[in-house]
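Visitor: For reference, the file target15.txt (compact mmCIF, N, CA and C atoms) is included below:
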# COMPACT_ATOMS: atom_id res chain seq x y z
N MET Q 1 40.42 27.81 33.53
CA MET Q 1 39.85 29.11 33.32
C MET Q 1 40.63 29.87 32.25
N GLU Q 2 41.95 29.95 32.41
CA GLU Q 2 42.75 30.72 31.47
C GLU Q 2 42.66 30.14 30.06
N ARG Q 3 42.60 28.84 29.98
CA ARG Q 3 42.54 28.21 28.67
C ARG Q 3 41.27 28.59 27.92
N THR Q 4 40.15 28.62 28.60
CA THR Q 4 38.87 28.99 27.98
C THR Q 4 38.91 30.43 27.51
N ILE Q 5 39.43 31.31 28.33
CA ILE Q 5 39.47 32.73 27.96
C ILE Q 5 40.41 32.95 26.79
N VAL Q 6 41.59 32.31 26.82
CA VAL Q 6 42.55 32.49 25.74
C VAL Q 6 42.01 31.91 24.44
N LYS Q 7 41.39 30.74 24.50
CA LYS Q 7 40.82 30.16 23.29
C LYS Q 7 39.73 31.05 22.70
N SER Q 8 38.88 31.59 23.55
CA SER Q 8 37.82 32.47 23.07
C SER Q 8 38.40 33.74 22.46
N ALA Q 9 39.45 34.28 23.07
CA ALA Q 9 40.08 35.48 22.53
C ALA Q 9 40.73 35.21 21.17
N VAL Q 10 41.38 34.07 21.05
CA VAL Q 10 42.02 33.72 19.78
C VAL Q 10 40.96 33.48 18.69
N TYR Q 11 39.90 32.77 19.03
CA TYR Q 11 38.83 32.55 18.06
C TYR Q 11 38.17 33.86 17.65
N GLY Q 12 37.96 34.75 18.62
CA GLY Q 12 37.39 36.05 18.29
C GLY Q 12 38.30 36.86 17.39
N PHE Q 13 39.62 36.78 17.64
CA PHE Q 13 40.58 37.50 16.80
C PHE Q 13 40.53 37.01 15.36
N PHE Q 14 40.60 35.69 15.18
CA PHE Q 14 40.63 35.15 13.82
C PHE Q 14 39.29 35.32 13.10
N LEU Q 15 38.20 35.20 13.84
CA LEU Q 15 36.88 35.39 13.22
C LEU Q 15 36.73 36.82 12.72
N THR Q 16 37.07 37.80 13.56
CA THR Q 16 36.93 39.18 13.11
C THR Q 16 38.00 39.56 12.11
N LEU Q 17 39.16 38.91 12.14
CA LEU Q 17 40.16 39.14 11.11
C LEU Q 17 39.61 38.73 9.74
N ALA Q 18 38.99 37.56 9.68
CA ALA Q 18 38.41 37.10 8.42
C ALA Q 18 37.28 38.02 7.96
N LEU Q 19 36.44 38.44 8.90
CA LEU Q 19 35.34 39.33 8.53
C LEU Q 19 35.85 40.71 8.12
N ALA Q 20 36.88 41.19 8.78
CA ALA Q 20 37.44 42.49 8.42
C ALA Q 20 38.07 42.46 7.03
N ILE Q 21 38.74 41.36 6.70
CA ILE Q 21 39.31 41.25 5.36
C ILE Q 21 38.21 41.29 4.31
N LEU Q 22 37.07 40.71 4.63
CA LEU Q 22 35.96 40.72 3.68
C LEU Q 22 35.28 42.07 3.57
N PHE Q 23 35.13 42.78 4.69
CA PHE Q 23 34.25 43.94 4.69
C PHE Q 23 34.94 45.31 4.79
N VAL Q 24 36.20 45.38 5.17
CA VAL Q 24 36.88 46.67 5.23
C VAL Q 24 37.21 47.09 3.80
N ASP Q 25 36.80 48.30 3.46
CA ASP Q 25 36.96 48.77 2.08
C ASP Q 25 38.42 49.17 1.83
N TYR Q 26 38.97 48.71 0.73
CA TYR Q 26 40.36 49.00 0.39
C TYR Q 26 40.48 50.02 -0.72
N ARG Q 27 39.37 50.55 -1.17
CA ARG Q 27 39.42 51.57 -2.22
C ARG Q 27 38.41 52.66 -1.92
N VAL Q 28 38.68 53.83 -2.47
CA VAL Q 28 37.82 54.99 -2.28
C VAL Q 28 37.38 55.46 -3.66
N VAL Q 29 36.07 55.51 -3.86
CA VAL Q 29 35.53 55.94 -5.15
C VAL Q 29 34.98 57.35 -4.97
N GLU Q 30 35.53 58.27 -5.73
CA GLU Q 30 35.07 59.66 -5.72
C GLU Q 30 34.74 60.05 -7.15
N GLY Q 31 33.48 59.98 -7.46
CA GLY Q 31 33.06 60.31 -8.83
C GLY Q 31 33.60 59.28 -9.81
N PRO Q 32 34.23 59.76 -10.89
CA PRO Q 32 34.75 58.82 -11.88
C PRO Q 32 36.12 58.23 -11.52
N THR Q 33 36.75 58.72 -10.45
CA THR Q 33 38.08 58.23 -10.09
C THR Q 33 37.99 57.26 -8.91
N MET Q 34 38.93 56.34 -8.92
CA MET Q 34 39.00 55.36 -7.84
C MET Q 34 40.45 55.32 -7.36
N THR Q 35 40.64 55.50 -6.07
CA THR Q 35 41.97 55.41 -5.48
C THR Q 35 41.96 54.31 -4.42
N TYR Q 36 43.13 53.77 -4.19
CA TYR Q 36 43.26 52.69 -3.22
C TYR Q 36 43.81 53.23 -1.90
N VAL Q 37 43.34 52.64 -0.81
CA VAL Q 37 43.82 53.00 0.52
C VAL Q 37 45.26 52.49 0.65
N PRO Q 38 46.15 53.27 1.26
CA PRO Q 38 47.51 52.76 1.47
C PRO Q 38 47.50 51.47 2.30
N VAL Q 39 48.45 50.61 2.01
CA VAL Q 39 48.49 49.29 2.64
C VAL Q 39 48.58 49.41 4.16
N TYR Q 40 49.38 50.34 4.64
CA TYR Q 40 49.54 50.51 6.09
C TYR Q 40 48.19 50.84 6.74
N ASP Q 41 47.44 51.76 6.16
CA ASP Q 41 46.14 52.13 6.71
C ASP Q 41 45.15 50.97 6.65
N TYR Q 42 45.21 50.20 5.58
CA TYR Q 42 44.32 49.04 5.43
C TYR Q 42 44.62 47.99 6.50
N VAL Q 43 45.90 47.69 6.71
CA VAL Q 43 46.29 46.67 7.69
C VAL Q 43 45.94 47.13 9.10
N ILE Q 44 46.18 48.40 9.40
CA ILE Q 44 45.85 48.92 10.72
C ILE Q 44 44.34 48.85 10.95
N GLY Q 45 43.53 49.15 9.93
CA GLY Q 45 42.07 49.06 10.06
C GLY Q 45 41.63 47.63 10.34
N ILE Q 46 42.22 46.68 9.64
CA ILE Q 46 41.88 45.28 9.85
C ILE Q 46 42.28 44.82 11.25
N LEU Q 47 43.48 45.19 11.67
CA LEU Q 47 43.95 44.79 13.00
C LEU Q 47 43.12 45.44 14.10
N ARG Q 48 42.64 46.65 13.88
CA ARG Q 48 41.81 47.32 14.89
C ARG Q 48 40.54 46.50 15.15
N TYR Q 49 39.87 46.08 14.07
CA TYR Q 49 38.67 45.27 14.25
C TYR Q 49 39.00 43.92 14.87
N SER Q 50 40.12 43.33 14.50
CA SER Q 50 40.50 42.02 15.05
C SER Q 50 40.79 42.09 16.54
N ILE Q 51 41.43 43.16 16.98
CA ILE Q 51 41.72 43.30 18.40
C ILE Q 51 40.43 43.52 19.19
N ILE Q 52 39.51 44.30 18.62
CA ILE Q 52 38.21 44.49 19.28
C ILE Q 52 37.49 43.14 19.39
N GLY Q 53 37.51 42.35 18.32
CA GLY Q 53 36.90 41.03 18.36
C GLY Q 53 37.56 40.11 19.36
N SER Q 54 38.87 40.24 19.52
CA SER Q 54 39.59 39.44 20.50
C SER Q 54 39.17 39.79 21.92
N LEU Q 55 39.02 41.07 22.19
CA LEU Q 55 38.58 41.49 23.52
C LEU Q 55 37.14 41.03 23.79
N ILE Q 56 36.29 41.13 22.80
CA ILE Q 56 34.92 40.65 22.95
C ILE Q 56 34.92 39.14 23.19
N GLY Q 57 35.76 38.41 22.46
CA GLY Q 57 35.86 36.97 22.65
C GLY Q 57 36.35 36.60 24.04
N ALA Q 58 37.29 37.38 24.58
CA ALA Q 58 37.79 37.11 25.93
C ALA Q 58 36.70 37.33 26.97
N VAL Q 59 35.91 38.38 26.80
CA VAL Q 59 34.82 38.64 27.75
C VAL Q 59 33.77 37.53 27.66
N VAL Q 60 33.44 37.13 26.45
CA VAL Q 60 32.45 36.05 26.28
C VAL Q 60 33.00 34.75 26.86
N GLY Q 61 34.29 34.47 26.65
CA GLY Q 61 34.90 33.27 27.21
C GLY Q 61 34.89 33.27 28.72
N TRP Q 62 35.12 34.43 29.31
CA TRP Q 62 35.07 34.54 30.76
C TRP Q 62 33.66 34.28 31.27
N ARG Q 63 32.65 34.83 30.58
CA ARG Q 63 31.26 34.59 30.99
C ARG Q 63 30.89 33.11 30.84
N VAL Q 64 31.34 32.49 29.79
CA VAL Q 64 31.05 31.06 29.59
C VAL Q 64 31.73 30.24 30.67
N TRP Q 65 32.94 30.61 31.04
CA TRP Q 65 33.63 29.89 32.10
C TRP Q 65 32.87 30.02 33.42
N ARG Q 66 32.36 31.22 33.71
CA ARG Q 66 31.60 31.41 34.95
C ARG Q 66 30.31 30.60 34.92
N MET Q 67 29.68 30.51 33.77
CA MET Q 67 28.46 29.69 33.67
C MET Q 67 28.81 28.21 33.79
N GLY Q 68 29.97 27.81 33.25
CA GLY Q 68 30.39 26.42 33.31
C GLY Q 68 30.74 25.97 34.70
N VAL Q 69 31.20 26.87 35.54
CA VAL Q 69 31.53 26.52 36.92
C VAL Q 69 30.26 26.13 37.66
N LYS Q 70 29.18 26.82 37.37
CA LYS Q 70 27.91 26.54 38.04
C LYS Q 70 27.24 25.27 37.51
N LYS Q 71 27.36 25.05 36.20
CA LYS Q 71 26.64 23.95 35.58
C LYS Q 71 27.59 23.16 34.68
N GLU Q 72 27.92 21.95 35.02
CA GLU Q 72 28.81 21.11 34.23
C GLU Q 72 27.99 20.23 33.29
N GLY Q 73 28.62 19.82 32.19
CA GLY Q 73 27.99 18.86 31.32
C GLY Q 73 27.57 19.39 29.96
N LYS Q 74 27.08 20.60 29.88
CA LYS Q 74 26.64 21.14 28.60
C LYS Q 74 27.71 22.09 28.06
N THR Q 75 27.99 21.96 26.76
CA THR Q 75 28.94 22.88 26.14
C THR Q 75 28.18 23.99 25.44
N TYR Q 76 28.82 25.13 25.32
CA TYR Q 76 28.18 26.31 24.75
C TYR Q 76 28.94 26.82 23.53
N TYR Q 77 29.49 25.93 22.72
CA TYR Q 77 30.29 26.36 21.59
C TYR Q 77 29.49 27.18 20.58
N VAL Q 78 28.31 26.73 20.25
CA VAL Q 78 27.49 27.44 19.27
C VAL Q 78 27.05 28.79 19.82
N GLU Q 79 26.66 28.82 21.07
CA GLU Q 79 26.23 30.07 21.67
C GLU Q 79 27.37 31.08 21.74
N VAL Q 80 28.56 30.61 22.10
CA VAL Q 80 29.72 31.50 22.17
C VAL Q 80 30.07 32.02 20.79
N PHE Q 81 30.07 31.14 19.80
CA PHE Q 81 30.37 31.56 18.43
C PHE Q 81 29.36 32.60 17.97
N ALA Q 82 28.09 32.37 18.22
CA ALA Q 82 27.06 33.32 17.80
C ALA Q 82 27.21 34.65 18.53
N ALA Q 83 27.52 34.61 19.81
CA ALA Q 83 27.67 35.84 20.58
C ALA Q 83 28.87 36.65 20.11
N VAL Q 84 30.00 35.99 19.88
CA VAL Q 84 31.20 36.69 19.39
C VAL Q 84 30.93 37.26 18.01
N PHE Q 85 30.27 36.50 17.17
CA PHE Q 85 29.97 36.95 15.81
C PHE Q 85 29.08 38.19 15.84
N VAL Q 86 28.01 38.13 16.60
CA VAL Q 86 27.06 39.25 16.67
C VAL Q 86 27.71 40.48 17.29
N LEU Q 87 28.45 40.30 18.37
CA LEU Q 87 29.10 41.43 19.02
C LEU Q 87 30.18 42.06 18.14
N ALA Q 88 30.94 41.23 17.43
CA ALA Q 88 31.98 41.76 16.55
C ALA Q 88 31.36 42.52 15.38
N MET Q 89 30.28 41.99 14.83
CA MET Q 89 29.62 42.69 13.73
C MET Q 89 29.00 43.99 14.21
N ALA Q 90 28.43 43.99 15.40
CA ALA Q 90 27.84 45.22 15.95
C ALA Q 90 28.92 46.26 16.22
N ALA Q 91 30.06 45.84 16.77
CA ALA Q 91 31.15 46.77 17.02
C ALA Q 91 31.69 47.33 15.71
N GLY Q 92 31.83 46.47 14.71
CA GLY Q 92 32.29 46.94 13.41
C GLY Q 92 31.33 47.92 12.78
N LEU Q 93 30.04 47.67 12.92
CA LEU Q 93 29.04 48.58 12.38
C LEU Q 93 29.07 49.92 13.09
N VAL Q 94 29.17 49.89 14.42
CA VAL Q 94 29.21 51.14 15.18
C VAL Q 94 30.45 51.95 14.82
N PHE Q 95 31.60 51.30 14.78
CA PHE Q 95 32.83 52.02 14.44
C PHE Q 95 32.81 52.51 13.00
N SER Q 96 32.19 51.75 12.12
CA SER Q 96 32.09 52.18 10.73
C SER Q 96 31.19 53.41 10.61
N LEU Q 97 30.09 53.40 11.34
CA LEU Q 97 29.19 54.55 11.30
C LEU Q 97 29.80 55.79 11.95
N LEU Q 98 30.62 55.58 12.97
CA LEU Q 98 31.25 56.71 13.64
C LEU Q 98 32.48 57.21 12.87
N GLY Q 99 32.95 56.43 11.92
CA GLY Q 99 34.11 56.83 11.14
C GLY Q 99 35.42 56.66 11.87
N ILE Q 100 35.45 55.76 12.83
CA ILE Q 100 36.68 55.53 13.61
C ILE Q 100 37.55 54.54 12.90
Show me this structure written as structure tokens.
Guide:
Amino acid sequence: MERTIVKSAVYGFFLTLALAILFVDYRVVEGPTMTYVPVYDYVIGILRYSIIGSLIGAVVGWRVWRMGVKKEGKTYYVEVFAAVFVLAMAAGLVFSLLGI
């Protein structure tokens, strides 16, 4: 049980870390000027999304483990990956829209 949850949390962390590096904006454009976000703020923003993705991955891993206890034989790797991906992107979109 613990192994499934930890693996899902780690995969969720690294997946959202990669996505956050791609999509978190590191510069601010105001008219003709462009300024860069301080490194500390950028890293904290990336880690915030990664930790959220890790928690989502742990919850999904726990749900997959509960489903696996009932039904043995079929693996749900693709479904788990898709669920973590969709949930992490939705959380990132919500937090981005809220300005958090």
Visitor: Dump as a PyMOL selection string all residues having an atom at most 12 Å from (40.2, 48.6, 9.2), computed in the file's coordinates with only C-alpha atoms.
Guide: chain Q and resi 16-27+37-52+92-93+95-96+99-100
Visitor: Would you export the selected residues with N, CA and C atoms as a compact mmCIF listing (two decimals), in the frame of the given file, please?
Guide:
# COMPACT_ATOMS: atom_id res chain seq x y z
N THR Q 16 37.07 37.80 13.56
CA THR Q 16 36.93 39.18 13.11
C THR Q 16 38.00 39.56 12.11
N LEU Q 17 39.16 38.91 12.14
CA LEU Q 17 40.16 39.14 11.11
C LEU Q 17 39.61 38.73 9.74
N ALA Q 18 38.99 37.56 9.68
CA ALA Q 18 38.41 37.10 8.42
C ALA Q 18 37.28 38.02 7.96
N LEU Q 19 36.44 38.44 8.90
CA LEU Q 19 35.34 39.33 8.53
C LEU Q 19 35.85 40.71 8.12
N ALA Q 20 36.88 41.19 8.78
CA ALA Q 20 37.44 42.49 8.42
C ALA Q 20 38.07 42.46 7.03
N ILE Q 21 38.74 41.36 6.70
CA ILE Q 21 39.31 41.25 5.36
C ILE Q 21 38.21 41.29 4.31
N LEU Q 22 37.07 40.71 4.63
CA LEU Q 22 35.96 40.72 3.68
C LEU Q 22 35.28 42.07 3.57
N PHE Q 23 35.13 42.78 4.69
CA PHE Q 23 34.25 43.94 4.69
C PHE Q 23 34.94 45.31 4.79
N VAL Q 24 36.20 45.38 5.17
CA VAL Q 24 36.88 46.67 5.23
C VAL Q 24 37.21 47.09 3.80
N ASP Q 25 36.80 48.30 3.46
CA ASP Q 25 36.96 48.77 2.08
C ASP Q 25 38.42 49.17 1.83
N TYR Q 26 38.97 48.71 0.73
CA TYR Q 26 40.36 49.00 0.39
C TYR Q 26 40.48 50.02 -0.72
N ARG Q 27 39.37 50.55 -1.17
CA ARG Q 27 39.42 51.57 -2.22
C ARG Q 27 38.41 52.66 -1.92
N VAL Q 37 43.34 52.64 -0.81
CA VAL Q 37 43.82 53.00 0.52
C VAL Q 37 45.26 52.49 0.65
N PRO Q 38 46.15 53.27 1.26
CA PRO Q 38 47.51 52.76 1.47
C PRO Q 38 47.50 51.47 2.30
N VAL Q 39 48.45 50.61 2.01
CA VAL Q 39 48.49 49.29 2.64
C VAL Q 39 48.58 49.41 4.16
N TYR Q 40 49.38 50.34 4.64
CA TYR Q 40 49.54 50.51 6.09
C TYR Q 40 48.19 50.84 6.74
N ASP Q 41 47.44 51.76 6.16
CA ASP Q 41 46.14 52.13 6.71
C ASP Q 41 45.15 50.97 6.65
N TYR Q 42 45.21 50.20 5.58
CA TYR Q 42 44.32 49.04 5.43
C TYR Q 42 44.62 47.99 6.50
N VAL Q 43 45.90 47.69 6.71
CA VAL Q 43 46.29 46.67 7.69
C VAL Q 43 45.94 47.13 9.10
N ILE Q 44 46.18 48.40 9.40
CA ILE Q 44 45.85 48.92 10.72
C ILE Q 44 44.34 48.85 10.95
N GLY Q 45 43.53 49.15 9.93
CA GLY Q 45 42.07 49.06 10.06
C GLY Q 45 41.63 47.63 10.34
N ILE Q 46 42.22 46.68 9.64
CA ILE Q 46 41.88 45.28 9.85
C ILE Q 46 42.28 44.82 11.25
N LEU Q 47 43.48 45.19 11.67
CA LEU Q 47 43.95 44.79 13.00
C LEU Q 47 43.12 45.44 14.10
N ARG Q 48 42.64 46.65 13.88
CA ARG Q 48 41.81 47.32 14.89
C ARG Q 48 40.54 46.50 15.15
N TYR Q 49 39.87 46.08 14.07
CA TYR Q 49 38.67 45.27 14.25
C TYR Q 49 39.00 43.92 14.87
N SER Q 50 40.12 43.33 14.50
CA SER Q 50 40.50 42.02 15.05
C SER Q 50 40.79 42.09 16.54
N ILE Q 51 41.43 43.16 16.98
CA ILE Q 51 41.72 43.30 18.40
C ILE Q 51 40.43 43.52 19.19
N ILE Q 52 39.51 44.30 18.62
CA ILE Q 52 38.21 44.49 19.28
C ILE Q 52 37.49 43.14 19.39
N GLY Q 92 31.83 46.47 14.71
CA GLY Q 92 32.29 46.94 13.41
C GLY Q 92 31.33 47.92 12.78
N LEU Q 93 30.04 47.67 12.92
CA LEU Q 93 29.04 48.58 12.38
C LEU Q 93 29.07 49.92 13.09
N PHE Q 95 31.60 51.30 14.78
CA PHE Q 95 32.83 52.02 14.44
C PHE Q 95 32.81 52.51 13.00
N SER Q 96 32.19 51.75 12.12
CA SER Q 96 32.09 52.18 10.73
C SER Q 96 31.19 53.41 10.61
N GLY Q 99 32.95 56.43 11.92
CA GLY Q 99 34.11 56.83 11.14
C GLY Q 99 35.42 56.66 11.87
N ILE Q 100 35.45 55.76 12.83
CA ILE Q 100 36.68 55.53 13.61
C ILE Q 100 37.55 54.54 12.90
Visitor: From the list Q:Met34, Q:Val28, Q:Leu97, Q:Leu15, which residue is nearest Ala82 of chain Q when using only C-alpha atoms?
Guide: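 Among Q:Met34, Q:Val28, Q:Leu97, Q:Leu15, it is Q:Leu15 that comes nearest to Ala82 of chain Q.
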Visitor: For Thr4 of chain Q, please output as a ChimeraX atom specification all residues within 7 Å (counting all atoms listed in the file; exclusion window: fewer than 4 positions along the same chain).
Guide: /Q:8-9,58,61-62,65
Visitor: Could you pull out the strand (DSSP E) residues of chain Q, going by DSSP on the backbone, and write them as a ChimeraX atom specification?
Guide: /Q:27-30,33-36
Visitor: Write out as a VMD selection string the set of residues from chain Q that DSSP, computed on the backbone, places in alpha helix (DSSP H).
Guide: chain Q and resid 2 to 23 39 to 70 77 to 98
Visitor: Between atom C of Arg63 of chain Q and atom N of Leu98 of chain Q, what is the distance in Å, rounded to a tenth?
Guide: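 That distance, rounded to one decimal, is 28.7 Å.
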